[in-house]
file entry.cif (mmCIF, C-alpha atoms)
data_model
loop_
_atom_site.label_atom_id
_atom_site.label_comp_id
_atom_site.auth_asym_id
_atom_site.auth_seq_id
_atom_site.Cartn_x
_atom_site.Cartn_y
_atom_site.Cartn_z
CA MET B 1 -3.94 66.64 -36.12
CA ASP B 2 -4.03 63.92 -33.47
CA LEU B 3 -7.60 64.84 -32.69
CA PHE B 4 -8.40 64.74 -36.40
CA LEU B 5 -6.93 61.24 -36.78
CA GLU B 6 -8.64 60.06 -33.63
CA ASN B 7 -11.96 61.22 -35.04
CA PHE B 8 -11.73 60.22 -38.67
CA ALA B 9 -9.29 57.29 -38.61
CA ASN B 10 -9.84 55.72 -35.22
CA VAL B 11 -8.41 52.19 -35.21
CA ASP B 12 -10.38 51.00 -32.16
CA SER B 13 -13.64 52.12 -33.69
CA LEU B 14 -12.72 50.50 -36.97
CA MET B 15 -11.95 47.14 -35.34
CA ARG B 16 -15.28 47.17 -33.56
CA VAL B 17 -17.44 47.92 -36.58
CA TYR B 18 -15.44 45.92 -39.11
CA PRO B 19 -17.93 42.97 -39.28
CA LEU B 20 -20.81 45.39 -39.76
CA LEU B 21 -19.10 47.05 -42.71
CA LEU B 22 -18.26 43.69 -44.26
CA GLN B 23 -21.89 42.66 -44.12
CA GLY B 24 -22.81 46.03 -45.66
CA LEU B 25 -20.37 45.46 -48.47
CA ARG B 26 -21.96 42.07 -49.18
CA LEU B 27 -25.41 43.62 -49.41
CA THR B 28 -24.24 46.46 -51.65
CA ALA B 29 -22.66 43.90 -54.00
CA LEU B 30 -25.82 41.78 -53.98
CA LEU B 31 -27.99 44.80 -54.79
CA ALA B 32 -25.77 45.77 -57.70
CA LEU B 33 -25.57 42.22 -59.05
CA ALA B 34 -29.34 41.73 -58.78
CA THR B 35 -30.27 45.04 -60.39
CA LEU B 36 -27.72 45.42 -63.21
CA PRO B 37 -28.86 42.47 -65.39
CA ILE B 38 -32.58 43.12 -64.89
CA ALA B 39 -32.26 46.82 -65.68
CA LEU B 40 -30.00 46.19 -68.70
CA LEU B 41 -32.42 43.63 -70.10
CA THR B 42 -35.44 45.91 -69.58
CA GLY B 43 -33.62 48.72 -71.35
CA LEU B 44 -32.64 46.43 -74.21
CA VAL B 45 -36.25 45.28 -74.64
CA ILE B 46 -37.39 48.92 -74.75
CA GLY B 47 -34.75 49.78 -77.36
CA VAL B 48 -35.57 46.77 -79.55
CA LEU B 49 -39.32 47.38 -79.33
CA TYR B 50 -38.76 50.99 -80.39
CA GLY B 51 -36.73 49.70 -83.33
CA LEU B 52 -39.83 47.94 -84.66
CA HIS B 53 -41.21 51.42 -85.43
CA ARG B 54 -44.85 50.92 -84.51
CA ARG B 55 -46.29 54.39 -84.12
CA TRP B 56 -48.32 54.12 -80.92
CA LEU B 57 -45.86 51.76 -79.30
CA ASN B 58 -43.11 54.32 -79.87
CA VAL B 59 -45.14 57.15 -78.37
CA PHE B 60 -45.70 54.96 -75.32
CA LEU B 61 -42.01 53.98 -75.10
CA ILE B 62 -40.77 57.59 -75.32
CA GLY B 63 -43.30 58.46 -72.61
CA TRP B 64 -42.00 55.62 -70.43
CA ILE B 65 -38.36 56.61 -70.94
CA ASP B 66 -38.87 60.30 -70.21
CA LEU B 67 -41.17 59.60 -67.26
CA PHE B 68 -38.62 57.44 -65.49
CA ARG B 69 -35.71 59.65 -66.41
CA SER B 70 -37.58 62.55 -64.79
CA PHE B 71 -38.20 60.93 -61.41
CA PRO B 72 -35.41 61.08 -58.87
CA VAL B 73 -34.74 57.44 -58.06
CA LEU B 74 -35.26 58.11 -54.35
CA VAL B 75 -38.78 59.40 -55.05
CA LEU B 76 -39.55 56.14 -56.90
CA LEU B 77 -38.17 54.15 -54.00
CA ILE B 78 -40.28 56.03 -51.43
CA LEU B 79 -43.38 55.65 -53.62
CA ILE B 80 -42.81 51.91 -53.91
CA PHE B 81 -41.74 51.26 -50.32
CA TYR B 82 -44.10 53.58 -48.42
CA GLY B 83 -46.83 54.22 -51.01
CA LEU B 84 -47.66 50.79 -52.42
CA PRO B 85 -48.54 49.13 -49.08
CA PHE B 86 -51.68 51.32 -49.00
CA LEU B 87 -52.74 49.36 -52.08
CA GLY B 88 -52.09 46.10 -50.25
CA LEU B 89 -48.78 45.50 -52.01
CA THR B 90 -45.97 45.36 -49.47
CA LEU B 91 -42.48 44.76 -50.75
CA GLY B 92 -39.43 44.02 -48.63
CA SER B 93 -36.79 46.76 -48.66
CA PHE B 94 -34.46 44.71 -50.90
CA ALA B 95 -37.18 44.05 -53.49
CA ALA B 96 -38.33 47.68 -53.33
CA VAL B 97 -34.80 48.95 -54.02
CA VAL B 98 -34.31 46.55 -56.92
CA MET B 99 -37.66 47.60 -58.37
CA ALA B 100 -37.00 51.34 -58.00
CA LEU B 101 -33.52 51.09 -59.51
CA THR B 102 -34.80 48.89 -62.34
CA LEU B 103 -37.66 51.24 -63.27
CA ASN B 104 -35.40 54.28 -63.10
CA ASN B 105 -32.63 52.69 -65.13
CA SER B 106 -35.02 51.13 -67.65
CA GLY B 107 -35.51 54.74 -68.73
CA TYR B 108 -31.79 55.46 -68.97
CA TYR B 109 -30.77 52.17 -70.56
CA GLY B 110 -33.86 52.27 -72.79
CA GLU B 111 -32.83 55.68 -74.16
CA ILE B 112 -29.24 54.52 -74.68
CA PHE B 113 -30.27 51.40 -76.62
CA ARG B 114 -32.96 53.30 -78.50
CA ALA B 115 -30.57 56.02 -79.64
CA GLY B 116 -27.91 53.44 -80.52
CA ILE B 117 -30.30 51.37 -82.62
CA GLU B 118 -31.66 54.45 -84.39
CA ALA B 119 -28.11 55.55 -85.22
CA VAL B 120 -27.51 52.47 -87.39
CA PRO B 121 -28.03 53.62 -91.00
CA HIS B 122 -31.37 52.64 -92.46
CA GLY B 123 -29.72 51.05 -95.49
CA GLN B 124 -28.58 48.20 -93.24
CA ARG B 125 -32.18 47.22 -92.58
CA GLU B 126 -33.10 47.46 -96.24
CA ALA B 127 -30.13 45.34 -97.23
CA ALA B 128 -31.06 42.76 -94.59
CA ARG B 129 -34.61 42.64 -95.89
CA THR B 130 -33.35 42.20 -99.44
CA LEU B 131 -31.36 39.21 -98.20
CA GLY B 132 -34.62 37.73 -96.92
CA LEU B 133 -34.09 38.24 -93.19
CA ARG B 134 -37.21 38.57 -91.08
CA PRO B 135 -37.65 41.72 -88.89
CA LEU B 136 -36.42 40.07 -85.68
CA GLN B 137 -33.47 38.46 -87.46
CA THR B 138 -32.62 41.84 -88.95
CA MET B 139 -32.69 43.39 -85.49
CA PHE B 140 -30.60 40.78 -83.70
CA LEU B 141 -28.18 39.77 -86.47
CA VAL B 142 -27.63 43.06 -88.28
CA VAL B 143 -28.75 46.17 -86.38
CA LEU B 144 -28.06 45.32 -82.73
CA PRO B 145 -24.42 44.21 -83.10
CA GLN B 146 -23.60 47.51 -84.79
CA ALA B 147 -25.64 49.51 -82.30
CA LEU B 148 -23.86 47.97 -79.31
CA ARG B 149 -20.47 49.21 -80.43
CA GLY B 150 -21.70 52.81 -80.42
CA VAL B 151 -23.32 52.72 -77.00
CA LEU B 152 -20.53 51.17 -74.96
CA ALA B 153 -19.51 54.45 -73.29
CA PRO B 154 -22.97 55.52 -72.10
CA LEU B 155 -23.78 51.94 -71.04
CA ALA B 156 -20.65 51.78 -68.89
CA SER B 157 -21.28 55.24 -67.47
CA ASN B 158 -24.87 54.44 -66.56
CA SER B 159 -23.95 51.09 -65.02
CA LEU B 160 -21.48 52.87 -62.76
CA GLU B 161 -24.17 55.37 -61.75
CA LEU B 162 -26.50 52.46 -61.00
CA VAL B 163 -24.01 50.81 -58.67
CA LYS B 164 -23.44 54.14 -56.92
CA SER B 165 -27.16 54.74 -56.48
CA THR B 166 -27.61 51.47 -54.56
CA SER B 167 -26.63 53.59 -51.55
CA ILE B 168 -30.14 55.07 -51.46
CA ALA B 169 -31.17 51.71 -49.96
CA ALA B 170 -29.81 53.16 -46.71
CA LEU B 171 -32.92 55.36 -46.57
CA VAL B 172 -35.32 52.40 -46.37
CA ALA B 173 -33.27 50.84 -43.57
CA LEU B 174 -31.56 48.22 -45.73
CA PRO B 175 -28.16 47.68 -44.05
CA GLU B 176 -25.93 48.10 -47.10
CA LEU B 177 -22.57 49.90 -46.83
CA LEU B 178 -23.79 53.42 -46.09
CA ARG B 179 -26.50 52.34 -43.65
CA SER B 180 -24.05 50.07 -41.84
CA ALA B 181 -21.66 52.97 -41.51
CA ARG B 182 -24.37 55.21 -40.05
CA VAL B 183 -25.36 52.53 -37.54
CA ALA B 184 -21.71 51.97 -36.65
CA GLN B 185 -21.16 55.70 -36.30
CA GLU B 186 -24.01 55.97 -33.83
CA GLN B 187 -22.63 53.03 -31.84
CA THR B 188 -19.12 54.43 -31.58
CA TYR B 189 -19.85 58.20 -31.50
CA ASN B 190 -17.15 58.55 -34.08
CA PRO B 191 -17.17 59.30 -37.83
CA THR B 192 -14.47 56.72 -38.64
CA PRO B 193 -16.99 54.24 -40.10
CA LEU B 194 -18.14 56.96 -42.53
CA THR B 195 -14.56 57.57 -43.62
CA ALA B 196 -14.06 53.83 -44.01
CA VAL B 197 -17.13 53.47 -46.19
CA ALA B 198 -16.14 56.44 -48.35
CA ILE B 199 -12.75 54.81 -48.84
CA ILE B 200 -14.30 51.40 -49.61
CA PHE B 201 -16.61 52.95 -52.21
CA PHE B 202 -13.70 54.86 -53.69
CA LEU B 203 -11.39 51.85 -53.96
CA LEU B 204 -14.14 49.67 -55.44
CA LEU B 205 -15.40 52.14 -58.00
CA PHE B 206 -12.36 54.23 -58.90
CA PRO B 207 -11.04 51.89 -61.63
CA PHE B 208 -14.45 51.97 -63.30
CA THR B 209 -14.60 55.78 -63.04
CA ARG B 210 -11.34 55.95 -64.98
CA ILE B 211 -12.51 53.44 -67.62
CA VAL B 212 -15.77 55.32 -68.11
CA ALA B 213 -13.91 58.65 -68.38
CA LYS B 214 -11.64 57.17 -71.05
CA LEU B 215 -14.58 55.79 -73.04
CA GLU B 216 -16.39 59.14 -72.83
CA ARG B 217 -13.30 61.07 -73.94
CA ASP B 218 -13.00 58.83 -76.99
CA LEU B 219 -16.66 59.40 -77.77
CA LEU B 220 -16.23 63.17 -77.46
CA ALA B 221 -13.20 63.10 -79.76
CA ARG B 222 -15.20 61.14 -82.34
CA SER B 223 -18.19 63.49 -82.12
CA ARG B 224 -16.05 66.42 -83.15
CA MET P 1 -60.68 51.68 -57.82
CA ASP P 2 -62.26 53.61 -54.98
CA SER P 3 -59.46 52.70 -52.65
CA LEU P 4 -56.97 53.86 -55.29
CA LEU P 5 -58.62 57.30 -55.43
CA GLU P 6 -59.07 57.40 -51.67
CA ASN P 7 -55.41 56.59 -51.02
CA TYR P 8 -53.51 58.35 -53.77
CA PHE P 9 -55.76 61.19 -54.94
CA ASN P 10 -57.64 62.09 -51.79
CA PRO P 11 -58.83 65.65 -52.54
CA ALA P 12 -59.19 66.73 -48.94
CA ILE P 13 -55.67 65.62 -48.04
CA LEU P 14 -54.20 66.97 -51.27
CA ALA P 15 -55.71 70.37 -50.55
CA GLN P 16 -54.65 70.34 -46.92
CA TYR P 17 -51.00 69.54 -47.57
CA PHE P 18 -50.53 71.36 -50.86
CA PRO P 19 -49.03 74.48 -49.24
CA SER P 20 -46.37 72.58 -47.27
CA VAL P 21 -45.36 70.41 -50.24
CA LEU P 22 -45.27 73.52 -52.43
CA ALA P 23 -42.95 75.14 -49.90
CA GLY P 24 -40.73 72.10 -50.45
CA PHE P 25 -40.90 72.74 -54.18
CA TRP P 26 -39.27 76.17 -53.74
CA VAL P 27 -36.53 74.64 -51.59
CA THR P 28 -35.91 72.00 -54.27
CA LEU P 29 -35.80 74.66 -56.96
CA LEU P 30 -33.38 76.82 -54.96
CA VAL P 31 -31.08 73.88 -54.23
CA ALA P 32 -31.21 72.80 -57.88
CA LEU P 33 -30.31 76.25 -59.20
CA SER P 34 -27.51 76.70 -56.65
CA VAL P 35 -26.07 73.28 -57.49
CA ILE P 36 -26.08 74.04 -61.22
CA ALA P 37 -24.50 77.48 -60.74
CA ILE P 38 -21.79 76.22 -58.38
CA GLY P 39 -21.19 72.96 -60.24
CA ILE P 40 -20.82 74.40 -63.72
CA GLY P 41 -18.97 77.53 -62.58
CA LEU P 42 -16.48 75.62 -60.44
CA GLY P 43 -16.15 72.89 -63.07
CA LEU P 44 -15.24 75.40 -65.77
CA LEU P 45 -12.80 77.11 -63.42
CA LEU P 46 -11.10 73.80 -62.56
CA ALA P 47 -10.85 72.82 -66.23
CA ILE P 48 -9.23 76.17 -67.11
CA LEU P 49 -6.87 76.02 -64.11
CA ARG P 50 -5.86 72.54 -65.18
CA CYS P 51 -4.68 73.95 -68.50
CA PHE P 52 -2.79 76.86 -66.95
CA CYS P 53 -1.21 75.51 -63.83
CA GLY P 54 1.75 73.44 -62.84
CA ARG P 55 1.97 69.85 -61.84
CA LEU P 56 1.05 70.21 -58.16
CA VAL P 57 -2.18 72.13 -58.76
CA ASN P 58 -3.09 69.69 -61.52
CA ALA P 59 -2.57 66.72 -59.24
CA LEU P 60 -4.88 68.30 -56.64
CA ILE P 61 -7.53 68.99 -59.27
CA VAL P 62 -7.31 65.42 -60.57
CA ILE P 63 -7.72 64.03 -57.05
CA PHE P 64 -10.72 66.29 -56.40
CA VAL P 65 -12.33 65.28 -59.70
CA ASP P 66 -11.69 61.56 -59.17
CA VAL P 67 -13.02 61.52 -55.61
CA PHE P 68 -16.25 63.35 -56.35
CA ARG P 69 -16.91 61.50 -59.59
CA THR P 70 -16.48 58.18 -57.82
CA LEU P 71 -18.33 58.54 -54.52
CA PRO P 72 -22.12 58.09 -54.51
CA GLN P 73 -23.89 61.42 -53.99
CA LEU P 74 -25.65 60.21 -50.87
CA VAL P 75 -22.35 59.12 -49.31
CA VAL P 76 -20.95 62.61 -49.88
CA ILE P 77 -24.04 64.29 -48.41
CA VAL P 78 -24.09 62.02 -45.34
CA PHE P 79 -20.36 62.46 -44.79
CA VAL P 80 -20.56 66.24 -45.05
CA TYR P 81 -23.57 66.51 -42.76
CA PHE P 82 -22.81 63.83 -40.15
CA GLY P 83 -19.04 63.52 -40.40
CA LEU P 84 -17.69 67.05 -40.79
CA PRO P 85 -19.11 68.37 -37.47
CA TYR P 86 -16.44 66.21 -35.78
CA ALA P 87 -13.88 68.34 -37.59
CA GLY P 88 -15.59 71.46 -36.27
CA LEU P 89 -17.48 72.23 -39.48
CA THR P 90 -21.23 72.15 -38.95
CA LEU P 91 -23.35 72.89 -42.00
CA SER P 92 -27.10 73.39 -42.29
CA PRO P 93 -29.00 70.74 -44.30
CA PHE P 94 -29.31 73.25 -47.12
CA ALA P 95 -25.61 74.11 -47.17
CA ALA P 96 -24.59 70.47 -46.85
CA THR P 97 -26.78 69.38 -49.77
CA VAL P 98 -25.75 72.27 -52.02
CA ALA P 99 -22.05 71.88 -51.20
CA SER P 100 -22.09 68.10 -51.76
CA LEU P 101 -24.06 68.07 -55.00
CA GLY P 102 -22.20 71.17 -56.21
CA ALA P 103 -18.88 69.42 -55.64
CA VAL P 104 -20.08 66.30 -57.48
CA LEU P 105 -21.40 68.27 -60.46
CA SER P 106 -18.25 70.42 -60.60
CA ALA P 107 -16.12 67.25 -60.77
CA PHE P 108 -18.12 65.89 -63.71
CA ALA P 109 -18.23 69.31 -65.39
CA ALA P 110 -14.47 69.81 -64.99
CA GLU P 111 -13.82 66.46 -66.63
CA ILE P 112 -16.22 67.17 -69.50
CA PHE P 113 -14.83 70.68 -70.14
CA TRP P 114 -11.27 69.47 -69.92
CA ALA P 115 -11.91 66.57 -72.29
CA ALA P 116 -13.62 68.96 -74.70
CA ILE P 117 -10.65 71.36 -74.60
CA GLN P 118 -8.29 68.42 -75.18
CA THR P 119 -10.04 67.37 -78.37
CA THR P 120 -9.18 70.69 -80.04
CA PRO P 121 -6.90 69.92 -82.98
CA ARG P 122 -3.29 71.05 -82.63
CA GLY P 123 -3.66 73.30 -85.68
CA GLN P 124 -5.94 75.65 -83.72
CA TRP P 125 -3.06 76.47 -81.34
CA ASP P 126 -0.71 77.09 -84.25
CA GLY P 127 -3.28 79.23 -86.03
CA ALA P 128 -3.88 81.31 -82.91
CA LYS P 129 -0.15 81.78 -82.40
CA ALA P 130 0.25 82.87 -86.01
CA LEU P 131 -2.41 85.51 -85.38
CA GLY P 132 -0.38 86.81 -82.44
CA LEU P 133 -2.61 85.50 -79.65
CA GLY P 134 -1.03 84.53 -76.35
CA PHE P 135 -1.94 81.55 -74.20
CA THR P 136 -4.78 83.37 -72.44
CA GLY P 137 -6.18 84.78 -75.66
CA THR P 138 -6.07 81.39 -77.34
CA MET P 139 -7.81 79.79 -74.38
CA PHE P 140 -10.67 82.24 -74.03
CA LEU P 141 -11.20 83.30 -77.64
CA ILE P 142 -10.44 80.10 -79.56
CA LEU P 143 -10.57 76.97 -77.42
CA LEU P 144 -13.29 77.61 -74.84
CA PRO P 145 -16.05 78.69 -77.23
CA GLN P 146 -15.60 75.46 -79.21
CA ALA P 147 -15.17 73.31 -76.12
CA ILE P 148 -18.29 74.67 -74.44
CA ARG P 149 -20.38 74.02 -77.54
CA LEU P 150 -19.06 70.46 -77.66
CA ALA P 151 -19.68 69.95 -73.95
CA VAL P 152 -23.27 71.17 -73.80
CA PRO P 153 -25.20 67.92 -74.49
CA LEU P 154 -23.07 65.83 -72.10
CA LEU P 155 -23.15 68.57 -69.51
CA ALA P 156 -26.92 68.99 -69.71
CA ASN P 157 -27.48 65.30 -69.03
CA ARG P 158 -25.09 65.31 -66.07
CA ALA P 159 -26.55 68.50 -64.65
CA ILE P 160 -30.08 67.06 -64.79
CA SER P 161 -29.15 63.73 -63.23
CA ILE P 162 -27.19 65.37 -60.41
CA THR P 163 -29.84 68.03 -59.80
CA LYS P 164 -32.33 65.20 -59.30
CA GLY P 165 -30.13 64.23 -56.34
CA THR P 166 -31.75 67.14 -54.50
CA ALA P 167 -34.23 64.55 -53.23
CA LEU P 168 -31.33 62.96 -51.33
CA GLY P 169 -31.39 66.04 -49.10
CA THR P 170 -34.24 64.36 -47.18
CA ALA P 171 -31.56 62.11 -45.68
CA VAL P 172 -30.22 65.14 -43.80
CA SER P 173 -33.72 66.55 -43.12
CA LEU P 174 -33.68 69.19 -45.83
CA PRO P 175 -37.33 70.31 -46.12
CA GLU P 176 -37.57 69.81 -49.90
CA ILE P 177 -40.46 68.25 -51.83
CA LEU P 178 -39.89 64.65 -50.84
CA GLY P 179 -39.19 65.40 -47.19
CA GLN P 180 -42.27 67.60 -46.88
CA ALA P 181 -44.42 64.95 -48.58
CA GLN P 182 -43.08 62.20 -46.35
CA SER P 183 -43.85 64.04 -43.16
CA ALA P 184 -47.30 64.96 -44.50
CA MET P 185 -47.86 61.30 -45.34
CA ALA P 186 -46.89 60.29 -41.81
CA ILE P 187 -49.30 62.79 -40.25
CA ALA P 188 -52.22 62.07 -42.61
CA ALA P 189 -51.63 58.29 -42.70
CA ASN P 190 -52.35 58.54 -46.41
CA PRO P 191 -49.90 58.58 -49.35
CA SER P 192 -51.69 61.29 -51.37
CA PRO P 193 -48.95 63.83 -50.52
CA LEU P 194 -46.50 61.48 -52.25
CA THR P 195 -48.59 61.68 -55.42
CA LEU P 196 -48.35 65.43 -55.12
CA ALA P 197 -44.59 65.21 -54.69
CA ALA P 198 -44.30 62.97 -57.75
CA ALA P 199 -46.34 65.44 -59.79
CA LEU P 200 -44.16 68.37 -58.69
CA TYR P 201 -40.95 66.51 -59.55
CA LEU P 202 -42.36 65.72 -62.97
CA ALA P 203 -43.33 69.36 -63.46
CA LEU P 204 -39.75 70.34 -62.67
CA PHE P 205 -37.76 67.67 -64.51
CA LEU P 206 -39.90 66.47 -67.43
CA PRO P 207 -39.34 69.73 -69.38
CA LEU P 208 -35.61 69.47 -68.69
CA VAL P 209 -35.44 65.86 -69.88
CA ALA P 210 -37.39 66.79 -73.02
CA ALA P 211 -35.05 69.75 -73.59
CA SER P 212 -31.97 67.55 -73.26
CA ARG P 213 -33.44 65.21 -75.88
CA TRP P 214 -33.72 68.22 -78.17
CA LEU P 215 -30.16 69.37 -77.36
CA GLU P 216 -28.75 65.98 -78.29
CA ARG P 217 -30.48 66.00 -81.62
CA ARG P 218 -29.62 69.59 -82.48
CA PRO P 219 -25.95 69.36 -83.56
CA LYS P 220 -26.87 67.14 -86.51
CA TRP P 221 -28.98 69.73 -88.25
CA VAL P 222 -26.98 72.76 -87.15
CA ARG P 223 -23.96 71.52 -89.06
#
call {"tool": "encode", "arguments": {"input": "entry.cif", "output": "structure tokens"}}
result
Amino acid sequence: MDLFLENFANVDSLMRVYPLLLQGLRLTALLALATLPIALLTGLVIGVLYGLHRRWLNVFLIGWIDLFRSFPVLVLLILIFYGLPFLGLTLGSFAAVVMALTLNNSGYYGEIFRAGIEAVPHGQREAARTLGLRPLQTMFLVVLPQALRGVLAPLASNSLELVKSTSIAALVALPELLRSARVAQEQTYNPTPLTAVAIIFFLLLFPFTRIVAKLERDLLARSR
Amino acid sequence: MDSLLENYFNPAILAQYFPSVLAGFWVTLLVALSVIAIGIGLGLLLAILRCFCGRLVNALIVIFVDVFRTLPQLVVIVFVYFGLPYAGLTLSPFAATVASLGAVLSAFAAEIFWAAIQTTPRGQWDGAKALGLGFTGTMFLILLPQAIRLAVPLLANRAISITKGTALGTAVSLPEILGQAQSAMAIAANPSPLTLAAALYLALFLPLVAASRWLERRPKWVR
């Protein structure tokens, strides 16, 4: 047991790598804050465009959504970070991660908004048109507010997954939490930094896990 | 345009590295199938146990579910592969990836199954009791069949998104598609193997994504 504690909860090791982990935490937060709004907005644009019901546009949008939902996000990241430079386009690791996460989540968010907008009864649009609203007014004043209420659970769930997936940045040498922990572990020959990072992630994200679970349970109960 | 073809669709390089990337495809497929089998099987088991057992077992299940739903998949994989050897447990890259992703999927599956069982109206219990069914009979003959049907769309989406995490195995040098393509790219100094990897991932996951779209739509016209 002593050996176990010394390995996984070593105070000396923790004191030494503490600044490194703090810096990692900052970068993880930055990544999440930079990506979330861009990805949400891209998804919203996809959903709204689909709602205009132009035939070829919709075929293209479904193709976009399914394409990016099919790629593992790490594969996108590697393509962008290691593949694009051959085309003369070199992105920094931060920009590459933001771009990969945004493309990937534009598919997920796009599908969520799309499905939510389609679920609003068609009569709403007809009524709005009868009242003399133009198509964009109909979308933003009538359809979208109703759609948003229905998609809260999947939006929250996907946002949580997005924040979690920022950890793939570790694989393109961006020193966010996980990468910092690996570096620290190699400096101290001790897995305590890994334990610390797992605990940090858990404490940060656990409340959101519970909120998302509650929202999803409510959704399931309603779908019955 | 020429440089695009030369770099991303170089026929000579594609042909040369196709066998090694294809070998990675089989590893990816094997990991994916193992993760789904372990994740869904264990998840169902945990959900059922949670209905049968006492407070202590339930608390342990809840902790397991919360931990693996909350931690990023890559953090779990890295911890299992690089951290556990200090506790005397050394796993191969394959075992580490399968165990980690399997645990994550089982946590999500347990929560989905359990939530689905919970939504069963009280009257179903009373009806089953009136028919002379015990707790076990009610669970397996009445509740689970309904719960599983309710859980399928949610579960399919989760299973796909977690199975895609197979690519994270490259972090612990699992020789799956992405890892194979990356080492081929390093040797050939040309990213064509990455194109190949992308195509193989699409071949694997695009049908699944399309199928999940169909699954989500289905309940409306079945009813």
call {"tool": "residues_around", "arguments": {"input": "entry.cif", "residues": "stretch 6-8 of chain B", "least_positions_apart": "6", "cutoff": "10 Å", "atoms": "only C-alpha atoms", "output": "PDB file with C-alpha atoms, in the frame of the given file"}}
result
ATOM      1  CA  LEU B  14     -12.720  50.500 -36.970  1.00  0.00           C
ATOM      2  CA  TYR B 189     -19.850  58.200 -31.500  1.00  0.00           C
ATOM      3  CA  ASN B 190     -17.150  58.550 -34.080  1.00  0.00           C
ATOM      4  CA  PRO B 191     -17.170  59.300 -37.830  1.00  0.00           C
ATOM      5  CA  THR B 192     -14.470  56.720 -38.640  1.00  0.00           C
ATOM      6  CA  PRO B 193     -16.990  54.240 -40.100  1.00  0.00           C
ATOM      7  CA  LEU B 194     -18.140  56.960 -42.530  1.00  0.00           C
ATOM      8  CA  THR B 195     -14.560  57.570 -43.620  1.00  0.00           C
ATOM      9  CA  ALA B 196     -14.060  53.830 -44.010  1.00  0.00           C
TER      10      ALA B 196
ATOM     11  CA  GLY P  83     -19.040  63.520 -40.400  1.00  0.00           C
ATOM     12  CA  LEU P  84     -17.690  67.050 -40.790  1.00  0.00           C
ATOM     13  CA  TYR P  86     -16.440  66.210 -35.780  1.00  0.00           C
ATOM     14  CA  ALA P  87     -13.880  68.340 -37.590  1.00  0.00           C
TER      15      ALA P  87
END
call {"tool": "atom_distance", "arguments": {"input": "entry.cif", "atom1": "atom CA of B:Asp12", "atom2": "atom CA of P:Val67"}}
result
25.8 Å
call {"tool": "interface_residues", "arguments": {"input": "entry.cif", "of": "chain P", "to": "chain B", "cutoff": "7 Å", "atoms": "all atoms listed in the file", "output": "list of chain:residue names"}}
result
P:Leu4, P:Asn7, P:Val67, P:Thr70, P:Leu71, P:Pro72, P:Leu74, P:Val75, P:Phe79, P:Gly83, P:Tyr86, P:Ala87, P:Ala115, P:Ala116, P:Thr119, P:Lys164, P:Gly165, P:Ala167, P:Leu168, P:Ala171, P:Leu178, P:Pro191, P:Leu194, P:Tyr201, P:Leu202, P:Phe205, P:Leu206, P:Val209
call {"tool": "atom_distance", "arguments": {"input": "entry.cif", "atom1": "atom CA of P:Pro193", "atom2": "atom CA of P:Leu14"}}
result
6.2 Å
call {"tool": "atom_distance", "arguments": {"input": "entry.cif", "atom1": "atom CA of P:Ala159", "atom2": "atom CA of P:Phe108"}}
result
8.9 Å
call {"tool": "closest_residue", "arguments": {"input": "entry.cif", "among": "P:Leu133, P:Ala184, P:Ala103, P:Ala210", "to": "P:Ala156", "atoms": "all atoms listed in the file"}}
result
P:Ala210
call {"tool": "resolve_selection", "arguments": {"input": "entry.cif", "expression": "the PyMOL selection byres ((chain P and resi 16) around 12)", "output": "list in words"}}
result
Asn10, Pro11, Ala12, Ile13, Leu14, Ala15, Tyr17, Phe18, Pro19, Ser20, Val21, Leu22, Ala181, Ala184, Met185, Ile187, Ala188, Ser192, Pro193 and Leu196 of chain P
call {"tool": "residues_around", "arguments": {"input": "entry.cif", "residues": "B:Gly150", "least_positions_apart": "6", "cutoff": "10 Å", "atoms": "only C-alpha atoms", "output": "PyMOL selection string"}}
result
chain B and resi 112-113+115-117+119-120+219
call {"tool": "resolve_selection", "arguments": {"input": "entry.cif", "expression": "the PyMOL selection byres ((chain P and resi 104) around 9)", "output": "PyMOL selection string"}}
result
chain P and resi 39+65+67-73+76+99-103+105-109+162
call {"tool": "write_last_selection", "arguments": {"input": "entry.cif", "atoms": "C-alpha atoms", "output": "compact mmCIF listing (two decimals), in the coordinates of the input"}}
result
# COMPACT_ATOMS: atom_id res chain seq x y z
CA GLY P 39 -21.19 72.96 -60.24
CA VAL P 65 -12.33 65.28 -59.70
CA VAL P 67 -13.02 61.52 -55.61
CA PHE P 68 -16.25 63.35 -56.35
CA ARG P 69 -16.91 61.50 -59.59
CA THR P 70 -16.48 58.18 -57.82
CA LEU P 71 -18.33 58.54 -54.52
CA PRO P 72 -22.12 58.09 -54.51
CA GLN P 73 -23.89 61.42 -53.99
CA VAL P 76 -20.95 62.61 -49.88
CA ALA P 99 -22.05 71.88 -51.20
CA SER P 100 -22.09 68.10 -51.76
CA LEU P 101 -24.06 68.07 -55.00
CA GLY P 102 -22.20 71.17 -56.21
CA ALA P 103 -18.88 69.42 -55.64
CA LEU P 105 -21.40 68.27 -60.46
CA SER P 106 -18.25 70.42 -60.60
CA ALA P 107 -16.12 67.25 -60.77
CA PHE P 108 -18.12 65.89 -63.71
CA ALA P 109 -18.23 69.31 -65.39
CA ILE P 162 -27.19 65.37 -60.41
call {"tool": "resolve_selection", "arguments": {"input": "entry.cif", "expression": "the PyMOL selection byres ((chain P and resi 135-149) around 12)", "output": "number ranges by chain"}}
result
B: 220-221, 223-224; P: 40, 43-45, 47-52, 109-134, 150-156, 215-216, 218-219, 222
